[in-house]
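The next block is coords_18.pdb, given as PDB, C-alpha atoms and all ligand atoms.
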```pdb
ATOM      1  CA  MET A   1      -9.371 -15.118 102.765  1.00  0.00           C
ATOM      2  CA  SER A   2      -9.147 -18.601 101.427  1.00  0.00           C
ATOM      3  CA  PHE A   3      -9.608 -20.104  98.004  1.00  0.00           C
ATOM      4  CA  PHE A   4     -11.592 -23.051  96.787  1.00  0.00           C
ATOM      5  CA  ASP A   5     -10.651 -24.343  93.368  1.00  0.00           C
ATOM      6  CA  GLY A   6      -9.239 -20.966  92.416  1.00  0.00           C
ATOM      7  CA  TRP A   7     -12.367 -19.045  93.429  1.00  0.00           C
ATOM      8  CA  LEU A   8     -12.292 -16.377  96.110  1.00  0.00           C
ATOM      9  CA  PRO A   9     -15.276 -17.057  98.388  1.00  0.00           C
ATOM     10  CA  GLN A  10     -15.720 -13.388  99.244  1.00  0.00           C
ATOM     11  CA  ALA A  11     -15.976 -12.298  95.629  1.00  0.00           C
ATOM     12  CA  VAL A  12     -19.168 -11.989  93.657  1.00  0.00           C
ATOM     13  CA  ARG A  13     -18.935 -14.643  90.963  1.00  0.00           C
ATOM     14  CA  TYR A  14     -19.941 -14.154  87.338  1.00  0.00           C
ATOM     15  CA  ASP A  15     -18.689 -16.953  85.101  1.00  0.00           C
ATOM     16  CA  SER A  16     -16.928 -15.879  81.928  1.00  0.00           C
ATOM     17  CA  PRO A  17     -16.813 -18.182  78.894  1.00  0.00           C
ATOM     18  CA  TYR A  18     -13.445 -16.649  77.983  1.00  0.00           C
ATOM     19  CA  PHE A  19     -10.850 -18.865  79.613  1.00  0.00           C
ATOM     20  CA  ASP A  20      -9.006 -22.100  79.039  1.00  0.00           C
ATOM     21  CA  ALA A  21      -6.529 -24.343  80.798  1.00  0.00           C
ATOM     22  CA  ARG A  22      -3.105 -23.040  81.693  1.00  0.00           C
ATOM     23  CA  PRO A  23      -0.336 -24.815  79.768  1.00  0.00           C
ATOM     24  CA  GLY A  24       1.960 -25.058  82.786  1.00  0.00           C
ATOM     25  CA  PRO A  25       1.633 -26.760  86.152  1.00  0.00           C
ATOM     26  CA  VAL A  26      -0.941 -25.318  88.571  1.00  0.00           C
ATOM     27  CA  PRO A  27      -0.266 -23.713  90.966  1.00  0.00           C
ATOM     28  CA  ASP A  28       3.527 -23.786  90.504  1.00  0.00           C
ATOM     29  CA  ASP A  29       3.598 -21.792  87.269  1.00  0.00           C
ATOM     30  CA  ILE A  30       1.282 -19.025  88.479  1.00  0.00           C
ATOM     31  CA  THR A  31       3.904 -16.460  89.365  1.00  0.00           C
ATOM     32  CA  LEU A  32       2.767 -13.063  88.098  1.00  0.00           C
ATOM     33  CA  LEU A  33       0.006 -10.662  89.070  1.00  0.00           C
ATOM     34  CA  VAL A  34      -0.978  -8.133  86.398  1.00  0.00           C
ATOM     35  CA  VAL A  35      -2.799  -4.921  87.314  1.00  0.00           C
ATOM     36  CA  HIS A  36      -5.078  -3.264  84.746  1.00  0.00           C
ATOM     37  CA  ASN A  37      -7.711  -0.566  84.607  1.00  0.00           C
ATOM     38  CA  ILE A  38     -10.965  -0.638  82.682  1.00  0.00           C
ATOM     39  CA  SER A  39     -14.245   1.242  82.540  1.00  0.00           C
ATOM     40  CA  LEU A  40     -17.036   1.120  79.989  1.00  0.00           C
ATOM     41  CA  PRO A  41     -17.698   3.593  78.582  1.00  0.00           C
ATOM     42  CA  CYS A  42     -14.195   4.855  79.436  1.00  0.00           C
ATOM     43  CA  GLY A  43     -14.372   7.060  82.519  1.00  0.00           C
ATOM     44  CA  GLN A  44     -17.895   6.001  83.528  1.00  0.00           C
ATOM     45  CA  PHE A  45     -18.133   3.881  86.635  1.00  0.00           C
ATOM     46  CA  GLY A  46     -20.741   1.660  88.245  1.00  0.00           C
ATOM     47  CA  GLY A  47     -22.424   0.202  85.178  1.00  0.00           C
ATOM     48  CA  PRO A  48     -22.783  -3.453  84.186  1.00  0.00           C
ATOM     49  CA  HIS A  49     -20.827  -3.208  80.946  1.00  0.00           C
ATOM     50  CA  VAL A  50     -17.425  -4.471  82.114  1.00  0.00           C
ATOM     51  CA  SER A  51     -18.967  -7.611  83.568  1.00  0.00           C
ATOM     52  CA  ASP A  52     -21.099  -7.952  80.447  1.00  0.00           C
ATOM     53  CA  LEU A  53     -17.985  -7.682  78.248  1.00  0.00           C
ATOM     54  CA  PHE A  54     -16.089 -10.306  80.238  1.00  0.00           C
ATOM     55  CA  CYS A  55     -19.118 -12.604  80.239  1.00  0.00           C
ATOM     56  CA  GLY A  56     -19.732 -12.335  76.508  1.00  0.00           C
ATOM     57  CA  ARG A  57     -23.094 -10.606  76.755  1.00  0.00           C
ATOM     58  CA  ILE A  58     -22.345  -6.939  76.131  1.00  0.00           C
ATOM     59  CA  ASP A  59     -24.861  -5.013  74.030  1.00  0.00           C
ATOM     60  CA  TYR A  60     -22.707  -3.244  71.453  1.00  0.00           C
ATOM     61  CA  ASN A  61     -25.449  -0.705  70.768  1.00  0.00           C
ATOM     62  CA  THR A  62     -25.418   0.747  74.286  1.00  0.00           C
ATOM     63  CA  ASP A  63     -22.699   3.267  73.483  1.00  0.00           C
ATOM     64  CA  PRO A  64     -20.993   4.305  70.223  1.00  0.00           C
ATOM     65  CA  SER A  65     -17.571   3.481  71.713  1.00  0.00           C
ATOM     66  CA  PHE A  66     -18.623  -0.144  72.173  1.00  0.00           C
ATOM     67  CA  ALA A  67     -18.383  -0.708  68.410  1.00  0.00           C
ATOM     68  CA  ASP A  68     -14.639  -1.163  68.924  1.00  0.00           C
ATOM     69  CA  LEU A  69     -15.337  -4.074  71.271  1.00  0.00           C
ATOM     70  CA  ARG A  70     -17.205  -6.126  68.708  1.00  0.00           C
ATOM     71  CA  GLY A  71     -15.825  -9.645  68.476  1.00  0.00           C
ATOM     72  CA  LEU A  72     -13.430  -9.102  71.355  1.00  0.00           C
ATOM     73  CA  LYS A  73     -13.077 -12.125  73.615  1.00  0.00           C
ATOM     74  CA  VAL A  74     -11.472 -10.898  76.789  1.00  0.00           C
ATOM     75  CA  SER A  75     -11.747 -11.626  80.460  1.00  0.00           C
ATOM     76  CA  SER A  76      -9.962 -11.131  83.728  1.00  0.00           C
ATOM     77  CA  HIS A  77      -9.816 -13.123  86.892  1.00  0.00           C
ATOM     78  CA  PHE A  78     -10.829 -10.218  89.098  1.00  0.00           C
ATOM     79  CA  PHE A  79     -12.484  -6.804  88.847  1.00  0.00           C
ATOM     80  CA  ILE A  80     -12.315  -4.334  91.730  1.00  0.00           C
ATOM     81  CA  ARG A  81     -15.121  -1.799  91.798  1.00  0.00           C
ATOM     82  CA  ARG A  82     -14.637   1.809  92.892  1.00  0.00           C
ATOM     83  CA  ASP A  83     -16.019   0.910  96.331  1.00  0.00           C
ATOM     84  CA  GLY A  84     -13.639  -2.022  96.720  1.00  0.00           C
ATOM     85  CA  ARG A  85     -16.100  -4.805  95.943  1.00  0.00           C
ATOM     86  CA  VAL A  86     -14.429  -7.730  94.183  1.00  0.00           C
ATOM     87  CA  ILE A  87     -15.970  -9.626  91.276  1.00  0.00           C
ATOM     88  CA  GLN A  88     -14.419 -12.802  89.886  1.00  0.00           C
ATOM     89  CA  TYR A  89     -15.003 -14.198  86.379  1.00  0.00           C
ATOM     90  CA  VAL A  90     -12.440 -16.979  85.964  1.00  0.00           C
ATOM     91  CA  SER A  91     -10.863 -19.404  88.428  1.00  0.00           C
ATOM     92  CA  ALA A  92      -7.315 -18.348  89.191  1.00  0.00           C
ATOM     93  CA  ASN A  93      -6.320 -21.920  88.370  1.00  0.00           C
ATOM     94  CA  ASP A  94      -7.424 -21.327  84.771  1.00  0.00           C
ATOM     95  CA  ARG A  95      -6.073 -18.961  82.139  1.00  0.00           C
ATOM     96  CA  ALA A  96      -8.055 -15.727  81.713  1.00  0.00           C
ATOM     97  CA  TRP A  97      -7.571 -13.613  78.587  1.00  0.00           C
ATOM     98  CA  HIS A  98      -6.402 -10.214  79.806  1.00  0.00           C
ATOM     99  CA  ALA A  99      -2.771  -9.599  78.871  1.00  0.00           C
ATOM    100  CA  GLY A 100      -2.651 -10.258  75.121  1.00  0.00           C
ATOM    101  CA  LEU A 101       0.722  -9.895  73.407  1.00  0.00           C
ATOM    102  CA  SER A 102       3.042  -9.488  76.357  1.00  0.00           C
ATOM    103  CA  SER A 103       6.276 -10.560  77.927  1.00  0.00           C
ATOM    104  CA  PHE A 104       7.840 -10.561  81.346  1.00  0.00           C
ATOM    105  CA  ARG A 105      11.427 -11.461  82.230  1.00  0.00           C
ATOM    106  CA  GLY A 106      11.924 -12.855  78.724  1.00  0.00           C
ATOM    107  CA  ARG A 107       8.840 -15.037  78.771  1.00  0.00           C
ATOM    108  CA  GLU A 108       5.979 -14.299  76.364  1.00  0.00           C
ATOM    109  CA  LYS A 109       2.206 -14.897  76.655  1.00  0.00           C
ATOM    110  CA  CYS A 110       1.834 -13.673  80.216  1.00  0.00           C
ATOM    111  CA  ASN A 111      -1.718 -15.040  80.391  1.00  0.00           C
ATOM    112  CA  ASP A 112      -0.156 -18.491  80.692  1.00  0.00           C
ATOM    113  CA  PHE A 113       1.359 -17.735  84.084  1.00  0.00           C
ATOM    114  CA  ALA A 114      -0.435 -14.610  85.305  1.00  0.00           C
ATOM    115  CA  ILE A 115      -3.477 -13.672  87.327  1.00  0.00           C
ATOM    116  CA  GLY A 116      -5.240 -10.550  86.046  1.00  0.00           C
ATOM    117  CA  VAL A 117      -6.859  -7.904  88.221  1.00  0.00           C
ATOM    118  CA  GLU A 118      -8.828  -5.077  86.639  1.00  0.00           C
ATOM    119  CA  LEU A 119      -9.402  -1.917  88.652  1.00  0.00           C
ATOM    120  CA  GLU A 120     -12.515  -0.002  87.693  1.00  0.00           C
ATOM    121  CA  GLY A 121     -10.980   3.223  86.455  1.00  0.00           C
ATOM    122  CA  SER A 122      -9.031   4.887  83.689  1.00  0.00           C
ATOM    123  CA  ASP A 123      -5.626   6.403  83.026  1.00  0.00           C
ATOM    124  CA  PHE A 124      -7.079   9.831  83.845  1.00  0.00           C
ATOM    125  CA  VAL A 125      -8.735   9.487  87.255  1.00  0.00           C
ATOM    126  CA  ALA A 126      -7.107   8.593  90.577  1.00  0.00           C
ATOM    127  CA  PHE A 127      -8.113   5.263  92.073  1.00  0.00           C
ATOM    128  CA  GLU A 128     -10.128   5.025  95.277  1.00  0.00           C
ATOM    129  CA  ALA A 129      -8.666   4.160  98.679  1.00  0.00           C
ATOM    130  CA  ALA A 130     -11.063   1.199  98.891  1.00  0.00           C
ATOM    131  CA  GLN A 131      -9.619  -0.173  95.659  1.00  0.00           C
ATOM    132  CA  TYR A 132      -6.055  -0.125  97.012  1.00  0.00           C
ATOM    133  CA  GLU A 133      -7.224  -1.818 100.197  1.00  0.00           C
ATOM    134  CA  ALA A 134      -9.060  -4.508  98.254  1.00  0.00           C
ATOM    135  CA  LEU A 135      -6.145  -5.014  95.868  1.00  0.00           C
ATOM    136  CA  ALA A 136      -3.698  -5.398  98.748  1.00  0.00           C
ATOM    137  CA  ALA A 137      -5.958  -7.884 100.544  1.00  0.00           C
ATOM    138  CA  LEU A 138      -6.471  -9.822  97.324  1.00  0.00           C
ATOM    139  CA  THR A 139      -2.745  -9.879  96.617  1.00  0.00           C
ATOM    140  CA  ILE A 140      -1.986 -11.283 100.061  1.00  0.00           C
ATOM    141  CA  ALA A 141      -4.744 -13.892  99.699  1.00  0.00           C
ATOM    142  CA  LEU A 142      -3.370 -14.950  96.321  1.00  0.00           C
ATOM    143  CA  GLN A 143       0.127 -15.210  97.748  1.00  0.00           C
ATOM    144  CA  GLN A 144      -1.122 -17.800 100.215  1.00  0.00           C
ATOM    145  CA  HIS A 145      -2.120 -20.079  97.348  1.00  0.00           C
ATOM    146  CA  TYR A 146       0.100 -19.221  94.410  1.00  0.00           C
ATOM    147  CA  PRO A 147       3.882 -18.740  94.227  1.00  0.00           C
ATOM    148  CA  LEU A 148       3.677 -15.155  92.991  1.00  0.00           C
ATOM    149  CA  THR A 149       7.052 -13.544  92.434  1.00  0.00           C
ATOM    150  CA  ALA A 150       6.031 -10.235  90.864  1.00  0.00           C
ATOM    151  CA  VAL A 151       3.310  -7.658  90.349  1.00  0.00           C
ATOM    152  CA  GLN A 152       3.380  -5.662  87.132  1.00  0.00           C
ATOM    153  CA  GLY A 153       1.106  -3.263  85.311  1.00  0.00           C
ATOM    154  CA  HIS A 154      -0.270  -4.192  81.916  1.00  0.00           C
ATOM    155  CA  GLU A 155       1.786  -1.247  80.612  1.00  0.00           C
ATOM    156  CA  HIS A 156       4.976  -2.920  81.856  1.00  0.00           C
ATOM    157  CA  ILE A 157       4.416  -6.269  80.153  1.00  0.00           C
ATOM    158  CA  ALA A 158       3.036  -4.746  76.931  1.00  0.00           C
ATOM    159  CA  PRO A 159       4.939  -1.440  76.629  1.00  0.00           C
ATOM    160  CA  GLY A 160       3.986   0.751  73.692  1.00  0.00           C
ATOM    161  CA  ARG A 161       0.742  -1.183  73.271  1.00  0.00           C
ATOM    162  CA  LYS A 162      -0.932  -0.749  76.660  1.00  0.00           C
ATOM    163  CA  THR A 163      -0.963   2.134  79.150  1.00  0.00           C
ATOM    164  CA  ASP A 164      -2.915   0.735  82.086  1.00  0.00           C
ATOM    165  CA  PRO A 165      -3.139   0.957  85.038  1.00  0.00           C
ATOM    166  CA  GLY A 166      -1.570   4.293  84.097  1.00  0.00           C
ATOM    167  CA  PRO A 167       0.229   7.214  85.723  1.00  0.00           C
ATOM    168  CA  LEU A 168      -2.374   7.700  88.445  1.00  0.00           C
ATOM    169  CA  PHE A 169      -1.975   4.232  89.898  1.00  0.00           C
ATOM    170  CA  ASP A 170       0.037   4.763  93.089  1.00  0.00           C
ATOM    171  CA  TRP A 171       2.474   1.851  93.218  1.00  0.00           C
ATOM    172  CA  GLU A 172       4.120   3.183  96.382  1.00  0.00           C
ATOM    173  CA  HIS A 173       0.841   3.329  98.266  1.00  0.00           C
ATOM    174  CA  TYR A 174      -0.041  -0.176  97.089  1.00  0.00           C
ATOM    175  CA  GLN A 175       3.338  -1.492  98.276  1.00  0.00           C
ATOM    176  CA  LYS A 176       2.907   0.183 101.666  1.00  0.00           C
ATOM    177  CA  LEU A 177      -0.505  -1.436 102.137  1.00  0.00           C
ATOM    178  CA  LEU A 178       0.927  -4.772 101.075  1.00  0.00           C
ATOM    179  CA  LYS A 179       3.699  -4.566 103.635  1.00  0.00           C
ATOM    180  CA  LYS A 180       1.209  -3.745 106.368  1.00  0.00           C
ATOM    181  CA  ALA A 181      -1.175  -6.543 105.356  1.00  0.00           C
ATOM    182  CA  ALA A 182       1.678  -9.038 104.973  1.00  0.00           C
ATOM    183  CA  MET A 183       2.814  -8.391 108.536  1.00  0.00           C
ATOM    184  CA  LEU A 184      -0.675  -9.080 109.845  1.00  0.00           C
ATOM    185  CA  VAL A 185      -0.861 -12.513 108.249  1.00  0.00           C
ATOM    186  CA  GLY A 186       2.816 -13.348 108.593  1.00  0.00           C
ATOM    187  CA  ALA A 187       3.389 -13.474 104.822  1.00  0.00           C
ATOM    188  CA  SER A 188       7.008 -12.897 103.983  1.00  0.00           C
ATOM    189  CA  ALA A 189       7.397 -13.396 100.232  1.00  0.00           C
ATOM    190  CA  THR A 190       8.691 -10.305  98.525  1.00  0.00           C
ATOM    191  CA  LEU A 191       7.321  -9.368  95.145  1.00  0.00           C
ATOM    192  CA  GLY A 192       9.077  -7.821  92.173  1.00  0.00           C
ATOM    193  CA  PHE A 193       7.576  -4.468  91.257  1.00  0.00           C
ATOM    194  CA  PRO A 194       8.001  -2.434  88.091  1.00  0.00           C
ATOM    195  CA  VAL A 195      11.549  -1.189  87.674  1.00  0.00           C
ATOM    196  CA  GLY A 196      12.207   2.372  88.796  1.00  0.00           C
ATOM    197  CA  LEU A 197      10.112   2.266  91.914  1.00  0.00           C
ATOM    198  CA  PRO A 198      11.741   3.124  95.227  1.00  0.00           C
TER     199      PRO A 198
HETATM  200 ZN    ZN B 201      -5.004  -3.988  80.653  1.00  0.00          ZN
END
```
Show me this structure written as structure tokens.
Amino acid sequence: MSFFDGWLPQAVRYDSPYFDARPGPVPDDITLLVVHNISLPCGQFGGPHVSDLFCGRIDYNTDPSFADLRGLKVSSHFFIRRDGRVIQYVSANDRAWHAGLSSFRGREKCNDFAIGVELEGSDFVAFEAAQYEALAALTIALQQHYPLTAVQGHEHIAPGRKTDPGPLFDWEHYQKLLKKAAMLVGASATLGFPVGLP
């Protein structure tokens, strides 16, 4: 995989209006990958609502739970569907609005220096094999272009406020796939994972 101007050629592209310039140097300051989960309505997969939310065109009347989303301006760089398809909304060179109040290694506002990946899912359902494969491939591709030093869950950079990707995200499996994929492309950079993992 290769990138052009922060866009992954293999991804389906839907442009989000919710982004701005990163305050730090690009690509040098882009050092963190943040993993999330999202589904709209929560627990329902395959619909257009996540993309609609990130692109500022969600119909709040579609579901009662969407009332809570009113006025929310959020986005992510990437969204990985249950079947492993990757959608991109914001150039990785720009700042997407996914992390909110957050801090990592003593630095706040993780959006400034992070790339956000949303997995279609919830805290209550296991993720699909195709999603781990796509996430690992995406991670390796990003590492070729950005000096990533760590991968964290949203729950790790916003503890007490966020719970995603949640207890059913298998960090060990993800790391195993990463190691395998890294060997294939000769990538050697090691990433910092959430504390407590083997
Ligand atoms: Zn999140």
Selected residue, from A:Gln143, A:Glu133, A:Pro23, A:Asp68, that lies nearest to Lys180 of chain A when counting all atoms listed in the file =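 Checking each of A:Gln143, A:Glu133, A:Pro23, A:Asp68 against Lys180 of chain A, counting all atoms listed in the file, the winner is A:Glu133.
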Step by step, work through what the PyMOL selection byres (((chain A and resi 103-115) around 9) and not hetatm) selects in the shown file, and finish by giving those residues as an MDAnalysis selection string.
-> chainID A and resid 21:24 29:35 76:78 92:102 116:117 148 152 156:158
Counting all atoms listed in the file, name the residues that have an atom within 6 Å of an atom of ligand ZN 201 (chain B); the answer should be given as a PDB file with C-alpha atoms, in the frame of the given file.
```pdb
ATOM      1  CA  HIS A  36      -5.078  -3.264  84.746  1.00  0.00           C
ATOM      2  CA  ASN A  37      -7.711  -0.566  84.607  1.00  0.00           C
ATOM      3  CA  HIS A 154      -0.270  -4.192  81.916  1.00  0.00           C
ATOM      4  CA  ASP A 164      -2.915   0.735  82.086  1.00  0.00           C
TER       5      ASP A 164
END
```
Which value, in Å to one decimal, gives the distance between atom CA of Arg81 of chain A and atom CA of Ala126 of chain A?
-> 13.2 Å
Please evaluate the PyMOL selection byres (((chain A and resi 119) around 10) and not hetatm) against the displayed coordinates and give the resulting residues as a PDB file with C-alpha atoms, keeping the file's coordinate frame.
```pdb
ATOM      1  CA  VAL A  35      -2.799  -4.921  87.314  1.00  0.00           C
ATOM      2  CA  HIS A  36      -5.078  -3.264  84.746  1.00  0.00           C
ATOM      3  CA  ASN A  37      -7.711  -0.566  84.607  1.00  0.00           C
ATOM      4  CA  ILE A  38     -10.965  -0.638  82.682  1.00  0.00           C
ATOM      5  CA  SER A  39     -14.245   1.242  82.540  1.00  0.00           C
ATOM      6  CA  PHE A  78     -10.829 -10.218  89.098  1.00  0.00           C
ATOM      7  CA  PHE A  79     -12.484  -6.804  88.847  1.00  0.00           C
ATOM      8  CA  ILE A  80     -12.315  -4.334  91.730  1.00  0.00           C
ATOM      9  CA  ARG A  81     -15.121  -1.799  91.798  1.00  0.00           C
ATOM     10  CA  ARG A  82     -14.637   1.809  92.892  1.00  0.00           C
ATOM     11  CA  GLY A  84     -13.639  -2.022  96.720  1.00  0.00           C
ATOM     12  CA  VAL A  86     -14.429  -7.730  94.183  1.00  0.00           C
ATOM     13  CA  GLY A 116      -5.240 -10.550  86.046  1.00  0.00           C
ATOM     14  CA  VAL A 117      -6.859  -7.904  88.221  1.00  0.00           C
ATOM     15  CA  GLU A 118      -8.828  -5.077  86.639  1.00  0.00           C
ATOM     16  CA  GLU A 120     -12.515  -0.002  87.693  1.00  0.00           C
ATOM     17  CA  GLY A 121     -10.980   3.223  86.455  1.00  0.00           C
ATOM     18  CA  SER A 122      -9.031   4.887  83.689  1.00  0.00           C
ATOM     19  CA  PHE A 127      -8.113   5.263  92.073  1.00  0.00           C
ATOM     20  CA  GLU A 128     -10.128   5.025  95.277  1.00  0.00           C
ATOM     21  CA  GLN A 131      -9.619  -0.173  95.659  1.00  0.00           C
ATOM     22  CA  TYR A 132      -6.055  -0.125  97.012  1.00  0.00           C
ATOM     23  CA  ALA A 134      -9.060  -4.508  98.254  1.00  0.00           C
ATOM     24  CA  LEU A 135      -6.145  -5.014  95.868  1.00  0.00           C
ATOM     25  CA  ASP A 164      -2.915   0.735  82.086  1.00  0.00           C
ATOM     26  CA  PRO A 165      -3.139   0.957  85.038  1.00  0.00           C
ATOM     27  CA  PHE A 169      -1.975   4.232  89.898  1.00  0.00           C
TER      28      PHE A 169
END
```
Contacts of Asp52 of chain A at 12 Å or less, counting only C-alpha atoms, minus same-chain residues fewer than 4 places along, as a short mmCIF file (atom, residue, chain, number, x, y, z; two decimals) with C-alpha atoms, in the coordinates of the input?
```cif
data_model
loop_
_atom_site.label_atom_id
_atom_site.label_comp_id
_atom_site.auth_asym_id
_atom_site.auth_seq_id
_atom_site.Cartn_x
_atom_site.Cartn_y
_atom_site.Cartn_z
CA TYR A 14 -19.94 -14.15 87.34
CA ASP A 15 -18.69 -16.95 85.10
CA SER A 16 -16.93 -15.88 81.93
CA PRO A 17 -16.81 -18.18 78.89
CA TYR A 18 -13.44 -16.65 77.98
CA SER A 39 -14.24 1.24 82.54
CA LEU A 40 -17.04 1.12 79.99
CA GLY A 47 -22.42 0.20 85.18
CA PRO A 48 -22.78 -3.45 84.19
CA GLY A 56 -19.73 -12.34 76.51
CA ARG A 57 -23.09 -10.61 76.76
CA ILE A 58 -22.34 -6.94 76.13
CA ASP A 59 -24.86 -5.01 74.03
CA TYR A 60 -22.71 -3.24 71.45
CA THR A 62 -25.42 0.75 74.29
CA PHE A 66 -18.62 -0.14 72.17
CA LEU A 69 -15.34 -4.07 71.27
CA LEU A 72 -13.43 -9.10 71.36
CA LYS A 73 -13.08 -12.12 73.61
CA VAL A 74 -11.47 -10.90 76.79
CA SER A 75 -11.75 -11.63 80.46
CA TYR A 89 -15.00 -14.20 86.38
#
```
Among the residues A:Phe124, A:Val90, A:Val151, A:Pro167, the one that comes closest to Val195 of chain A [using only C-alpha atoms] =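 Closest candidate: A:Val151.
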From the list A:Val125, A:Ala141, A:Ala150, A:Ala136, which residue is nearest Gln175 of chain A when using only C-alpha atoms?
->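 So, comparing all the options, the nearest one is A:Ala136.
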Calculate how many Å separate atom CA of Gly43 of chain A from atom CA of Asp123 of chain A, rounding to one decimal.
-> 8.8 Å
Nearest-residue call for Leu168 of chain A, choices A:Val12, A:Gly153, A:Gly6, A:Ala181, using only C-alpha atoms |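 The answer is A:Gly153, which sits nearest to Leu168 of chain A.
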Between atom CA of Asn61 of chain A and atom CA of His49 of chain A, what is the distance, to one decimal in Å?
->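 Atom CA of Asn61 of chain A sits 11.5 Å away from atom CA of His49 of chain A.
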Nearest candidate to Arg85 of chain A (options A:Gly46, A:Pro64, A:Gly192, A:Pro41; using only C-alpha atoms) | A:Gly46
Which residue, A:Asp63, A:Glu155, A:Leu191, A:Leu138, has the smallest gap to Trp7 of chain A when you use only C-alpha atoms?
->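 So, comparing all the options, the nearest one is A:Leu138.
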Centre, x/y/z edge lengths, axis-aligned box for segment 96-112 of chain A with 4 Å per side, as AutoDock Vina command-line options:
```
--center_x 1.9 --center_y -14.0 --center_z 77.8 --size_x 28.0 --size_y 17.0 --size_z 16.8
```
Would you be able to write out as a list in words which residues have an atom within 8 Å of (1.4, -11.5, 101.8) in the file's coordinates, counting only C-alpha atoms?
->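 Here the neighbourhood of the point contains Thr139, Ile140, Ala141, Gln143, Gln144, Leu178, Lys179, Ala181, Ala182, Met183, Val185, Gly186, Ala187, Ser188 and Ala189 of chain A.
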Subset file as a compact mmCIF listing (two decimals), in the first residue's frame: segment 46-58 of chain A, N, CA, C and O atoms:
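And here is the file that came out, out-v4.txt:
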```txt
# COMPACT_ATOMS: atom_id res chain seq x y z
N GLY A 46 -23.40 -2.21 9.00
CA GLY A 46 -23.65 -2.23 7.56
C GLY A 46 -24.37 -1.01 7.02
O GLY A 46 -24.43 -0.82 5.81
N GLY A 47 -24.91 -0.18 7.88
CA GLY A 47 -25.66 0.98 7.40
C GLY A 47 -24.76 2.14 7.01
O GLY A 47 -23.54 2.08 7.16
N PRO A 48 -25.38 3.21 6.50
CA PRO A 48 -24.61 4.37 6.04
C PRO A 48 -24.36 5.42 7.13
O PRO A 48 -23.73 6.44 6.87
N HIS A 49 -24.87 5.17 8.35
CA HIS A 49 -24.96 6.27 9.31
C HIS A 49 -23.63 6.75 9.86
O HIS A 49 -23.47 7.92 10.18
N VAL A 50 -22.65 5.84 9.99
CA VAL A 50 -21.34 6.27 10.49
C VAL A 50 -20.69 7.22 9.48
O VAL A 50 -20.22 8.31 9.84
N SER A 51 -20.70 6.82 8.22
CA SER A 51 -20.15 7.70 7.19
C SER A 51 -20.93 9.01 7.13
O SER A 51 -20.35 10.08 6.96
N ASP A 52 -22.24 8.92 7.26
CA ASP A 52 -23.06 10.14 7.25
C ASP A 52 -22.70 11.05 8.42
O ASP A 52 -22.64 12.28 8.26
N LEU A 53 -22.47 10.45 9.60
CA LEU A 53 -22.09 11.27 10.76
C LEU A 53 -20.77 11.98 10.50
O LEU A 53 -20.64 13.19 10.72
N PHE A 54 -19.78 11.22 10.03
CA PHE A 54 -18.44 11.80 9.82
C PHE A 54 -18.44 12.82 8.67
O PHE A 54 -17.54 13.66 8.60
N CYS A 55 -19.41 12.71 7.78
CA CYS A 55 -19.46 13.64 6.65
C CYS A 55 -20.46 14.77 6.85
O CYS A 55 -20.69 15.57 5.95
N GLY A 56 -21.03 14.84 8.05
CA GLY A 56 -21.90 15.96 8.39
C GLY A 56 -23.24 15.93 7.69
O GLY A 56 -23.84 16.98 7.46
N ARG A 57 -23.73 14.73 7.38
CA ARG A 57 -25.01 14.66 6.67
C ARG A 57 -25.94 13.62 7.28
O ARG A 57 -26.82 13.08 6.60
N ILE A 58 -25.75 13.33 8.57
CA ILE A 58 -26.61 12.33 9.20
C ILE A 58 -28.01 12.89 9.42
O ILE A 58 -28.18 14.06 9.74
```
